[in-house]
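Reading through the structure tokens given below for one structure.
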Protein chains: 4
Amino acid sequence: MIVVMSPNSSSAQVEQVVQALRDMRTSSRVIQAAGRSVIELLEVGPGFDRARLTALPMVDQVLERPAPVLSVGRQPDQETHEIPLGPRAVVGGKGLAVIAGPCSIECESRLLEIAAAVAEAGAVALRGGAFKPRSSPYTFQGHEERGLEMLAQAREKTGLAIVTEVMCPEHVSRVQPYADVLQVGSRNMHNTPLLTAVGRQPKPVLLKRGWSATLEEFLLAAEYVLLAGNPHVLLCERGIRAHEEYVRNTLALAIVPEIKRLSRLPIIVDPSHGTGRAHLVPPMCRAAVACGADGLLIEVHPEPDQAWSDGPQTLDLEQFRRLMADLKPLAQVCGRAL
Amino acid sequence: MIVVMSPNSSSAQVEQVVQALRDMRTSSRVIQAAGRSVIELLEVGPGFDRARLTALPMVDQVLERPAPVLSVGRQPDQETHEIPLGPRAVVGGKGLAVIAGPCSIECESRLLEIAAAVAEAGAVALRGGAFKPRSSPYTFQGHEERGLEMLAQAREKTGLAIVTEVMCPEHVSRVQPYADVLQVGSRNMHNTPLLTAVGRQPKPVLLKRGWSATLEEFLLAAEYVLLAGNPHVLLCERGIRAHEEYVRNTLALAIVPEIKRLSRLPIIVDPSHGTGRAHLVPPMCRAAVACGADGLLIEVHPEPDQAWSDGPQTLDLEQFRRLMADLKPLAQVCGRAL
Amino acid sequence: MIVVMSPNSSSAQVEQVVQALRDMRTSSRVIQAAGRSVIELLEVGPGFDRARLTALPMVDQVLERPAPVLSVGRQPDQETHEIPLGPRAVVGGKGLAVIAGPCSIECESRLLEIAAAVAEAGAVALRGGAFKPRSSPYTFQGHEERGLEMLAQAREKTGLAIVTEVMCPEHVSRVQPYADVLQVGSRNMHNTPLLTAVGRQPKPVLLKRGWSATLEEFLLAAEYVLLAGNPHVLLCERGIRAHEEYVRNTLALAIVPEIKRLSRLPIIVDPSHGTGRAHLVPPMCRAAVACGADGLLIEVHPEPDQAWSDGPQTLDLEQFRRLMADLKPLAQVCGRAL
Amino acid sequence: MIVVMSPNSSSAQVEQVVQALRDMRTSSRVIQAAGRSVIELLEVGPGFDRARLTALPMVDQVLERPAPVLSVGRQPDQETHEIPLGPRAVVGGKGLAVIAGPCSIECESRLLEIAAAVAEAGAVALRGGAFKPRSSPYTFQGHEERGLEMLAQAREKTGLAIVTEVMCPEHVSRVQPYADVLQVGSRNMHNTPLLTAVGRQPKPVLLKRGWSATLEEFLLAAEYVLLAGNPHVLLCERGIRAHEEYVRNTLALAIVPEIKRLSRLPIIVDPSHGTGRAHLVPPMCRAAVACGADGLLIEVHPEPDQAWSDGPQTLDLEQFRRLMADLKPLAQVCGRAL
């Protein structure tokens with residue numbers, strides 16, 4: 001059970017509630033969330049009296065189940081929160097933000113080739129993995145610092161913002177100086193120490209939905225980041241694990257309008273992981289834009305069948321260019337600039 | 001294992017293969033599919049010799065696994081098969097076909113009110129259940145013949161084509177005289193006697209994907225109808241059962257472009273069942289159109305919260321009108337007329 | 001909404017409730033279930049008054065959601081319902097009932113060989129498909145009447161009860177004279193006309209859970225059969241469709257004790273379909289017995305790799321004999337005779 | 001692609017393969033696994049010649065897909081690997097190892113009460129969370145070091161081994177001095193930095209399957225730990241996320257015999273999380289034992305409805321005692337001591 005205090009309650013008033021709980025033999029702890037104090041009840045004692053609690057001054061709500069939307073929730077008429085993607089671009093505003101790049105960073109010349117091509121086609125950020133979470137320990141795990149340096153070079157040459165992944169709290173300080181956006185991948189959506197660590201630094205966070213996470217768990221993961229102090233969380237739908245066999249994952253696009261309704265955080269869609277098949281990426285990009293996504297995350301590589309990872313879901317440079325041209329009139333009719 | 005004969009093989013040539021199989025102590029049966037003879041091997045005997053079989057005249061392919069696409073498959077450069085929706089409309093062509101109406105038929109005046117409204121807003125067909133498959137025997141099972149007569153009246157007044165469900169072979173002859181399109185629902189996608197029964201009559205069939213059917217099973221269900229003689233199968237994606245909790249079903253839109261690639265049958269999308277939430281129906285209609293759906297199936301009722309079934313996923317008349325207006329520019333930019 | 005009348009309410013008292021509803025402008029229909037009258041409310045009018053309804057004589061409950069357990073539910077201290085398997089055996093009592101046989105009936109000599117072997121090893125019933133529901137129209141669909149005659153011969157020679165499948169209402173009268181138990185397969189669990197058809201004849205029904213059916217839907221499907229007049233429904237868990245890739249289905253055994261708690265119908269387990277892998281059948285038979293299953297359904301064939309269907313999940317005769325010997329002490333320690 | 005060298009290949013022979021790859025313009029890296037050298041191919045160059053590679057001295061296999069079972073796999077006739085649970089017990093041998101305790105550690109007196117009770121009933125290890133991964137940031141996250149000290153006290157008083165969770169690499173050195181077994185929870189099964197961190201210290205690891213992990217991903221996660229140097233990984237099935245609604249998770253027991261077939265690591269079952277319902281825990285414990293589990297992980301609390309977390313799936317002390325008594329004869333007939 002949690003007690004949500006009114007926004008402008010004083011610390012004395014919070015203390016009054018804590019004392020009242022103590023009198024009811026109920027232990028508690030105080031958390032700051034979305035500019036309010038929230039009091040979580042731990043051990044509820046025999047003398048607990050909910051009505052008395054609710055009647056105390058400045059108590060706003062007493063909730064049986066945790067309220068996921070204190071920080072990430074949308075108030076009526078609130079706009080989507082705009083998040084900077086490096087110094088030149090944002091996501092969450094009128095523009096459709098396209099983030100593109102290879103799954104893994106392979107070598108410098110190839111990364112620069114991709115960066116130049118996606119920038120020219122209209123992408124605003126470059127994705128690329130320097131630390132790679134892989135199911136098998138016998139597969140390439142990323143170039144680490146060397147990969148980060150290549151990303152920094154690509155930014156310098158193209159002006160693209162850099163999006164790259166962190167996999168544990170210890171990575172955060174290593175990656176942060178090189179990146180414009182820190183990515184928390186699907187495998188780590190439930191990794192609360194990592195969520196707290198990226199929440200304690202100022203760079204925006206791209207948070208991918210876990211492949212079997214519920215909507216509530218997804219929003220609560222974002223809430224961890226905001227509670228730790230970082231307001232800039234960009235959500236990303238990337239497909240769930242279902243029974244379908246012709247795709248790698250099932251892209252569950254209804255989450256886009258539902259997130260828009262419940263949360264003021266922007267949401268983008270990754271049809272590369274969301275289908276696992278390059279030929280399905282363009283139509284699913286179109287569907288994502290049409291139902292309100294704030295942006296797209298797309299895997300691009302000059303020679304997909306030579307890529308060190310994720311080849312079957314990767315567009316080549318020409319396919320990416322054609323996709324961007326194809327999306328332009330669609331974005332416009334959806335009220336978006338691209 | 002099946003042997004697919006070349007399209008213009010003679011019956012003598014087919015008999016030659018059957019005899020060769022008999023010589024190999026292998027029993028078989030002959031099926032006609034997509035203008036060809038297909039020979040299914042039953043008991044494979046010890047003398048079986050695949051190479052010898054493959055070398056016989058007019059043998060096109062010997063396939064280990066059944067080939068789902070003999071009848072429903074798409075040949076290179078083949079157009080989508082156009083299916084009549086009553087005398088005035090088609091689905092599968094340039095137009096976007098919208099089928100709308102209540103989940104259950106309740107009473108005549110209400111049905112006519114809905115029919116007039118959806119026709120005016122641009123729908124080409126009216127859906128409504130006279131025979132309802134329901135999970136509980138304690139819920140309304142449909143008005144049966146009386147419902148069919150109301151549908152026929154609605155057609156007369158509005159010109160809309162009538163789409164209504166059949167649940168067993170015995171229903172087919174009762175429903176067929178009233179309907180323009182016979183619907184096979186998700187619960188019956190695997191009901192092969194029903195698939196054969198609707199395949200033996202001439203009215204088009206709207207086949208909804210089973211909620212945990214694979215793509216292959218979906219196409220094979222359509223193949224049953226075509227093999228029985230009816231070429232007019234309209235496929236419909238209506239959401240799958242996954243772990244998501246904020247929707248009734250998970251609408252899996254990637255199947256739309258994948259069906260377009262594999263099959264020449266048209267495919268429409270039902271976002272009403274596909275989400276179970278009225279507020280998610282308009283954005284998912286938009287997404288369906290953007291990724292290439294040939295049409296939409298939408299539940300509409302003047303007072304959704306009074307509907308006898310499916311209220312939470314049903315649009316009211318005004319919401320439907322606004323949706324149709326909103327879809328028009330989107331359809332146009334997608335190369336579709338509405 | 002439904003009104004459940006007390007067990008010994010008179011028809012005049014039922015009529016009084018229907019009249020009261022009419023006065024409230026609410027239409028309804030009366031159903032007989034589990035020896036009671038149940039009144040389903042169709043169109044709820046503006047004058048509806050729930051409190052008044054509840055206060056009428058002999059009204060037992062007014063339920064918002066359908067009550068699945070009127071007929072199939074378990075009253076406190078009620079025993080499991082015993083169902084005859086032919087003239088000599090039962091399922092649902094102290095004995096563990098093993099039903100074994102091939103997936104498809106292939107030829108007479110093979111069927112008799114299997115029947116003799118499974119009878120000798122301790123099975124009480126023979127399963128075998130004469131009408132086969134198959135995903136592909138290009139695979140063997142069963143010997144139909146000829147298969148039924150072979151089953152009748154096997155019964156005569158071995159005394160085993162015969163369990164065989166029906167796929168549509170029209171099959172029921174064709175299969176019923178030959179069978180001791182009519183099977184409704186997973187693909188047809190939601191086929192309500194078929195459920196009603198098997199409910200209108202006296203032979204017991206083996207009802208397999210649909211592969212993505214919920215527990216509630218499963219019990220409601222059984223309720224359809226009981227409402228139609230047949231009290232003998234034997235439930236069968238056969239695995240659900242989940243993300244697991246090393247099995248054909250995920251055997252969800254927790255449903256066994258949950259069914260025992262909620263329903264007085266017996267439940268058996270089919271580990272052949274429930275895993276799809278012969279080497280997993282024996283350990284899953286053991287698990288099923290240990291958690292309280294009333295019986296087992298097992299696919300057996302002299303040469304599994306020659307079987308016309310389901311070979312990879314089929315035990316050979318020797319494996320079946322060893323399994324039965326292995327289950328004996330386990331059944332005993334679980335308070336079951338085998 | 002990976003090249004697996006024969007077990008007794010010399011470093012010169014490994015270098016010869018690496019040089020041959022270089023000559024084929026193919027980059028690679030060398031990994032030590034299961035006492036062998038494994039060479040992973042990164043960028044495969046135009047001169048690559050698989051036949052030449054396979055023919056080199058001491059090359060054992062060239063595998064297209066990663067081989068998950070190099071370290072965790074079972075050789076023919078190999079016994080299950082026995083893992084110490086503190087100084088007095090093991091898991092993986094003839095005994096059935098029961099690990100029991102509360103979800104969260106609440107206070108010292110309660111923990112000692114539970115520990116004494118489960119030890120007396122026959123448990124060999126105490127579970128209890130000091131660091132708790134929780135979906136919501138507004139729920140209790142564990143007593144951290146203070147909880148670890150309580151666990152150490154409980155060990156001193158009862159002799160039980162201590163099993164407790166770590167959530168990030170930084171936790172490992174904090175928890176390791178207090179614990180006998182480090183638990184990696186379901187949410188972290190894909191957390192490769194954590195898997196490597198627990199692999200670099202000597203205490204055994206209890207690895208729970210991710211709730212939508214495949215069998216292959218589960219074994220590969222264990223492979224990460226073994227590759228880092230720690231051979232003691234105890235696997236745990238705890239239910240998967242499926243469509244079932246009457247349980248918190250679907251306990252997928254077929255994985256027990258499949259793991260036994262593929263791997264020499266022991267496997268236990270957690271029916272508390274695996275069902276989420278206390279009344280289903282005893283029958284599922286029975287099923288787990290009957291299909292070959294090496295042990296059980298059970299949540300126990302004196303007053304489950306007062307527990308700070310997981311109350312609905314927790315047994316009280318008396319229920320736990322009765323379960324242990326009930327399991328004894330079953331374990332015996334399964335060839336296990338309890």
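Note on naming: chains are A, B, ... as they come in the structure tokens, residues start from 1 per chain, ligands start from 1 in the order shown.
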Report the closest atom pair, with its distance in Å rounded to one decimal, for each residue of chain B that has an atom no farther than 6 Å from chain C; count only C-alpha atoms, sort by chain and then rising residue number, and write it as CSV.
```
residue,atom,partner,partner_atom,distance
B:Ser135,CA,C:Glu217,CA,6.0
B:Ser136,CA,C:Leu220,CA,5.5
B:Pro137,CA,C:Tyr224,CA,5.8
B:Arg187,CA,C:His190,CA,5.7
B:His190,CA,C:Arg187,CA,5.7
B:Glu217,CA,C:Ser135,CA,6.0
B:Leu220,CA,C:Ser136,CA,5.5
B:Tyr224,CA,C:Pro137,CA,5.8
```
Extract the full set of helix (DSSP H, G or I) residues from range 16-157 of chain C according to DSSP on the backbone, and format it as JSON, numbers by chain.
-> {"C": [16, 17, 18, 19, 20, 21, 22, 23, 50, 51, 52, 53, 54, 69, 70, 71, 72, 108, 109, 110, 111, 112, 113, 114, 115, 116, 117, 118, 119, 120, 121, 145, 146, 147, 148, 149, 150, 151, 152, 153, 154, 155, 156, 157]}
What is the CA of Asp49 in chain D-CA of Arg36 in chain D distance in Å, reported with one decimal?
->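 CA of Asp49 in chain D sits 22.8 Å away from CA of Arg36 in chain D.
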Kindly give the distance, in Å, that separates CA of Leu330 in chain C and CA of Arg277 in chain C, rounded to a single decimal.
->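 These two atoms are separated by 21.9 Å.
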Take CA of Pro271 in chain D and CA of Ala97 in chain C and report the distance between them in Å, one decimal.
-> 26.6 Å
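Between Ala154 in chain D and the candidates D:Gly101, D:Gly185, D:Pro282, D:Gly93, the tightest atom-to-atom separation, counting only C-alpha atoms, involves D:Gly101.
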Could you name the residues that touch Val175 in chain C at 12 Å or less, counting only C-alpha atoms, but leaving out those on the same chain fewer than 2 positions away, as a VMD selection string?
-> chain C and resid 129 to 131 144 to 149 151 to 152 162 to 173 177 to 183 198 201 203
Nearest candidate to Cys285 in chain C (options C:Val205, C:Leu96, C:Leu265, C:Ala55; using only C-alpha atoms) |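 For Cys285 in chain C, the nearest of the candidates is C:Leu96.
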